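entry.cif, holding mmCIF, C-alpha atoms:
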data_final
loop_
_atom_site.label_atom_id
_atom_site.label_comp_id
_atom_site.auth_asym_id
_atom_site.auth_seq_id
_atom_site.Cartn_x
_atom_site.Cartn_y
_atom_site.Cartn_z
CA MET C 70 64.37 -17.58 -51.67
CA ILE C 71 62.22 -20.68 -51.28
CA ASN C 72 65.15 -22.61 -49.92
CA SER C 73 65.69 -20.02 -47.16
CA LEU C 74 62.11 -20.57 -45.88
CA LEU C 75 62.21 -24.36 -45.79
CA PRO C 76 64.04 -24.76 -42.40
CA LYS C 77 61.54 -22.49 -40.65
CA ALA C 78 58.48 -24.49 -41.67
CA PRO C 79 59.15 -27.55 -39.46
CA MET C 80 59.86 -25.29 -36.46
CA ARG C 81 56.57 -23.47 -36.89
CA PHE C 82 54.71 -26.73 -37.20
CA CYS C 83 56.28 -28.08 -33.98
CA ALA C 84 55.46 -24.90 -32.08
CA LEU C 85 51.83 -25.02 -33.24
CA ALA C 86 51.50 -28.71 -32.32
CA SER C 87 53.02 -28.10 -28.86
CA PHE C 88 50.50 -25.30 -28.20
CA PHE C 89 47.53 -27.60 -28.83
CA LEU C 90 49.05 -30.42 -26.78
CA LEU C 91 49.85 -28.25 -23.73
CA ALA C 92 46.50 -26.50 -23.81
CA GLY C 93 44.69 -29.67 -22.81
CA CYS C 94 46.86 -31.02 -20.01
CA SER C 95 49.16 -28.99 -17.75
CA LEU C 96 47.27 -25.70 -17.59
CA LYS C 97 44.25 -27.07 -15.69
CA GLN C 98 44.68 -27.64 -11.94
CA ASP C 99 41.55 -29.43 -10.84
CA MET C 100 42.92 -30.25 -7.36
CA ALA C 101 43.76 -26.60 -6.68
CA GLN C 102 40.61 -25.14 -8.23
CA GLN C 103 38.08 -27.68 -7.05
CA PRO C 104 34.77 -26.32 -5.71
CA LYS C 105 34.88 -26.07 -1.92
CA ASN C 106 33.78 -23.94 0.97
CA ARG C 107 36.22 -22.09 3.17
CA PRO C 108 35.59 -21.67 6.92
CA LEU C 109 32.60 -19.40 7.65
CA SER C 110 31.94 -18.81 3.96
CA PRO C 111 28.26 -18.51 2.91
CA SER C 112 26.51 -21.31 1.08
CA ASP C 113 23.30 -21.52 -0.93
CA PHE C 114 23.11 -25.27 -0.52
CA PHE C 115 21.91 -25.28 3.11
CA THR C 116 18.78 -23.56 4.33
CA ASP C 117 20.58 -21.61 7.06
CA GLY C 118 23.02 -20.15 4.51
CA ARG C 119 26.11 -21.41 6.32
CA SER C 120 28.76 -23.70 4.86
CA ALA C 121 29.99 -24.81 8.31
CA ARG C 122 27.70 -27.46 9.74
CA PRO C 123 26.89 -27.95 13.44
CA LEU C 124 28.18 -31.07 15.18
CA VAL C 125 26.07 -34.18 15.10
CA GLU C 126 24.12 -34.67 18.30
CA ASN C 127 26.03 -36.56 21.05
CA THR C 128 29.38 -36.05 19.28
CA VAL C 129 32.34 -36.01 21.69
CA PRO C 130 36.00 -35.18 20.97
CA ARG C 131 38.40 -38.08 20.71
CA GLY C 132 39.81 -38.89 24.16
CA SER C 133 37.42 -36.58 26.00
CA LEU C 134 35.73 -39.40 27.94
CA VAL C 135 39.04 -40.45 29.48
CA LEU C 136 39.81 -36.83 30.28
CA GLU C 137 36.42 -36.43 31.94
CA GLU C 138 37.04 -39.42 34.19
CA LEU C 139 40.31 -37.90 35.43
CA THR C 140 38.99 -34.37 35.93
CA VAL C 141 37.87 -33.35 39.42
CA PRO C 142 36.82 -29.94 40.79
CA LYS C 143 39.54 -27.69 42.18
CA ASP C 144 38.15 -28.00 45.69
CA SER C 145 37.95 -31.81 45.55
CA ASN C 146 40.43 -33.98 47.42
CA ALA C 147 39.52 -37.07 45.40
CA PHE C 148 42.20 -39.08 43.62
CA PRO C 149 40.83 -40.89 40.54
CA LEU C 150 43.71 -43.34 40.09
CA PRO C 151 44.89 -46.19 42.34
CA LEU C 152 48.02 -45.28 44.28
CA THR C 153 50.77 -47.72 43.35
CA MET C 154 54.56 -47.69 43.30
CA GLU C 155 54.39 -47.66 39.51
CA LEU C 156 52.34 -44.45 39.65
CA LEU C 157 54.79 -42.85 42.08
CA ASP C 158 57.75 -43.86 39.92
CA ARG C 159 56.04 -42.36 36.90
CA GLY C 160 55.26 -39.21 38.86
CA GLU C 161 58.88 -38.86 39.96
CA ASN C 162 60.01 -39.25 36.35
CA ARG C 163 57.58 -36.63 35.03
CA TYR C 164 58.26 -34.29 37.95
CA LYS C 165 62.00 -34.29 37.34
CA ILE C 166 61.45 -33.51 33.64
CA PHE C 167 58.74 -30.85 33.79
CA CYS C 168 58.70 -29.47 37.36
CA SER C 169 62.16 -29.66 38.91
CA PRO C 170 63.74 -26.94 36.70
CA CYS C 171 61.69 -24.38 38.67
CA HIS C 172 60.45 -26.17 41.79
CA GLY C 173 63.65 -28.08 42.54
CA LEU C 174 64.14 -31.79 43.14
CA GLN C 175 62.83 -31.47 46.71
CA GLY C 176 59.89 -29.18 45.88
CA ASP C 177 61.35 -26.26 47.83
CA GLY C 178 61.33 -23.79 44.90
CA ASN C 179 65.08 -23.77 44.34
CA GLY C 180 65.28 -25.18 40.82
CA MET C 181 68.07 -24.24 38.46
CA ILE C 182 65.89 -21.77 36.52
CA ALA C 183 64.87 -20.01 39.73
CA MET C 184 68.47 -19.94 40.96
CA ARG C 185 69.48 -18.21 37.72
CA GLY C 186 67.13 -15.29 38.07
CA MET C 187 63.53 -16.37 37.54
CA LYS C 188 61.03 -15.73 40.32
CA HIS C 189 61.19 -18.49 42.92
CA PRO C 190 57.96 -20.51 43.13
CA PRO C 191 56.61 -21.18 46.64
CA SER C 192 57.80 -24.23 48.50
CA TYR C 193 55.45 -27.20 48.44
CA HIS C 194 56.32 -27.79 52.09
CA GLN C 195 54.63 -24.66 53.40
CA ASP C 196 51.37 -25.21 55.29
CA ARG C 197 49.20 -23.52 52.66
CA LEU C 198 50.23 -25.90 49.86
CA ARG C 199 50.24 -28.92 52.13
CA GLN C 200 46.57 -28.27 52.88
CA VAL C 201 45.30 -27.53 49.35
CA PRO C 202 43.14 -30.30 47.83
CA ASN C 203 44.42 -32.61 45.12
CA GLY C 204 42.14 -31.00 42.55
CA TYR C 205 43.85 -27.65 43.09
CA ILE C 206 47.29 -29.06 42.24
CA TYR C 207 45.88 -30.88 39.21
CA ASP C 208 44.26 -27.65 37.99
CA VAL C 209 47.51 -25.68 38.37
CA ILE C 210 49.41 -28.29 36.35
CA THR C 211 46.69 -28.18 33.68
CA ASN C 212 46.02 -24.44 33.41
CA GLY C 213 49.02 -22.83 35.07
CA PHE C 214 49.09 -20.20 37.79
CA GLY C 215 50.89 -16.84 38.01
CA ALA C 216 54.16 -17.00 36.09
CA MET C 217 53.70 -20.73 35.45
CA PHE C 218 52.21 -21.75 32.12
CA GLY C 219 49.79 -24.65 31.87
CA TYR C 220 51.17 -28.07 30.93
CA SER C 221 48.03 -29.57 29.42
CA ALA C 222 49.75 -29.92 26.03
CA GLN C 223 52.93 -31.49 27.42
CA VAL C 224 51.66 -33.70 30.26
CA ALA C 225 48.84 -36.22 29.78
CA PRO C 226 46.03 -36.28 32.39
CA GLY C 227 47.24 -39.58 33.88
CA ASP C 228 50.76 -38.21 34.23
CA ARG C 229 49.42 -35.09 35.93
CA TRP C 230 47.89 -37.27 38.62
CA ALA C 231 51.15 -39.18 38.88
CA ILE C 232 52.88 -35.85 39.56
CA VAL C 233 50.24 -34.98 42.18
CA ALA C 234 50.90 -38.31 43.90
CA TYR C 235 54.65 -37.74 43.89
CA LEU C 236 54.20 -34.19 45.26
CA ARG C 237 52.16 -35.56 48.11
CA ALA C 238 54.95 -38.08 48.76
CA LEU C 239 57.49 -35.23 48.83
CA GLN C 240 55.35 -33.31 51.31
CA LEU C 241 54.85 -36.38 53.44
CA SER C 242 58.58 -37.12 53.47
CA ARG C 243 59.20 -33.99 55.58
CA ASN C 244 56.18 -34.30 57.82
CA ALA C 245 55.64 -38.02 58.30
CA LYS C 246 55.39 -39.52 61.78
CA ILE C 247 57.19 -42.69 62.76
CA SER C 248 53.86 -44.24 63.68
CA ASP C 249 52.58 -43.67 60.13
CA LEU C 250 55.29 -45.84 58.57
CA PRO C 251 54.86 -49.54 57.80
CA PRO C 252 56.46 -51.83 60.41
CA ASP C 253 59.38 -52.89 58.20
CA VAL C 254 60.20 -49.29 57.23
CA ARG C 255 59.78 -48.14 60.83
CA GLU C 256 62.28 -50.74 61.98
CA LYS C 257 64.85 -49.56 59.44
CA VAL C 258 64.42 -45.96 60.58
CA LEU C 259 64.65 -46.75 64.30
CA HIS C 260 67.45 -49.30 63.92
CA PRO C 261 69.41 -48.53 60.77
CA PRO C 262 71.91 -51.21 59.74
CA ALA C 263 75.45 -50.57 60.82
CA GLN C 264 77.56 -49.14 58.05
CA LYS C 265 80.78 -50.90 57.24
CA LYS C 266 83.86 -48.79 57.63
CA PRO C 267 85.85 -48.43 54.43
CA GLU C 268 89.06 -50.43 54.37
CA THR C 269 92.21 -48.37 54.54
CA HIS C 270 95.65 -49.39 53.33
CA ALA C 271 98.94 -48.61 54.94
CA GLU C 272 100.53 -45.36 53.81
CA GLY C 273 102.81 -45.90 50.87
CA ALA C 274 101.39 -49.34 50.13
CA THR C 275 100.56 -50.38 46.61
CA GLY C 276 98.06 -52.99 45.57
CA GLY C 277 96.73 -53.30 49.13
CA LYS C 278 99.82 -55.00 50.49
CA THR C 279 102.70 -53.77 52.58
CA GLU C 280 106.26 -54.97 52.41
#
What would you get if you wrote out this structure as structure tokens?
Amino acid sequence: MINSLLPKAPMRFCALASFFLLAGCSLKQDMAQQPKNRPLSPSDFFTDGRSARPLVENTVPRGSLVLEELTVPKDSNAFPLPLTMELLDRGENRYKIFCSPCHGLQGDGNGMIAMRGMKHPPSYHQDRLRQVPNGYIYDVITNGFGAMFGYSAQVAPGDRWAIVAYLRALQLSRNAKISDLPPDVREKVLHPPAQKKPETHAEGATGGKTE
């Protein structure tokens, strides 16, 4: 009888020892149960009873100063960036990525999405959109208009102005006067270089030679 109880004693001892060891380590989760305040929860620590604290005076969001410099009223025709070829190239790149699917490569509203059933946006070459101020176009890119969603999350403020510059270039390309062009460009338009005729080979010739 005593011999039948001997193997169970070590097992009971191990189980009891494991209980005391585990009780002091893995059951407590200090990181998960730490004292903290959730959003809008009440607090007795502050005199106003709120856990959420107001912003420190003169605090500004990161990047907001740059955004403020590039923001103009909708009715303003100002352009806050210098017009350069680099800016136009950047605007063309961003326009083709974000705008051309609906507005088309030429800005006439015949993008692939519109051609496949979505409502056609108006052409940028109509008089109404040619006469709107720059701030209006910037605001539409930022906040959207009609069926168009705003692109403030996808397109940075500087790139929005690059797109505005490229749109103005597209509009000007269909309404520019010869007298408005620089002298070297005007000369190329009035007297385009003669195009070389492609060389043709005799019928039945191979390798450009005839027998």
What does the distance between atom CA of Glu137 of chain C and atom CA of Leu156 of chain C come to in Å, to one decimal place?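 Spanning atom CA of Glu137 of chain C to atom CA of Leu156 of chain C is a straight-line distance of 19.4 Å.
Atom to atom, atom CA of Pro142 of chain C and atom CA of Asp177 of chain C stand 25.8 Å apart.
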Using the chain letters and numbers from the file, which residues does the PyMOL selection byres ((chain C and resi 203-217) around 8) grab, as a list of chain:residue names? C:Val141, C:Pro142, C:Lys143, C:Asp144, C:Ser145, C:Asn146, C:Ala147, C:Phe148, C:Val201, C:Pro202, C:Phe218, C:Gly219, C:Tyr220, C:Ser221, C:Arg229, C:Trp230, C:Val233
Answer key for the PyMOL selection byres ((chain C and resi 232) around 7), residues as a ChimeraX atom specification: /C:160-161,163-164,228-231,233-236
For atom CA of Met154 of chain C and atom CA of Ala238 of chain C, the interatomic separation in Å (one decimal): 11.1 Å
With a cut-off of 7 Å, could you pull out the residues of segment 92-200 of chain C touching segment 239-260 of chain C and give me the nearest pair of atoms for each, distance in Å to one decimal, using all atoms listed in the file, ordered by chain and ascending number, as JSON lines?
{"residue": "C:Gln175", "atom": "CA", "partner": "C:Leu239", "partner_atom": "CA", "distance": 6.9}
{"residue": "C:Tyr193", "atom": "CA", "partner": "C:Gln240", "partner_atom": "CA", "distance": 6.8}
{"residue": "C:His194", "atom": "CA", "partner": "C:Gln240", "partner_atom": "CA", "distance": 5.7}
{"residue": "C:Arg199", "atom": "CA", "partner": "C:Gln240", "partner_atom": "CA", "distance": 6.8}
Which of these residues is nearest to Leu139 of chain C, using all atoms listed in the file: C:Pro191, C:Asn127, C:Leu109, C:Pro151?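 Result for the nearest residue to Leu139 of chain C: C:Pro151.
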To test the calculation: enclose all listed atoms of segment 198-205 of chain C in a box whose edges run along x, y and z, add 6 Å on each side, then state centre and edge lengths in Å to one decimal, as AutoDock Vina command-line options.
--center_x 46.2 --center_y -29.3 --center_z 47.7 --size_x 20.1 --size_y 18.7 --size_z 22.3
Find the residues near segment 99-107 of chain C: any atom within 9 Å, counting all atoms listed in the file, skip ones fewer than 5 places away on the same chain, and give them as an NGL selection string. :C and (112 or 120-121)
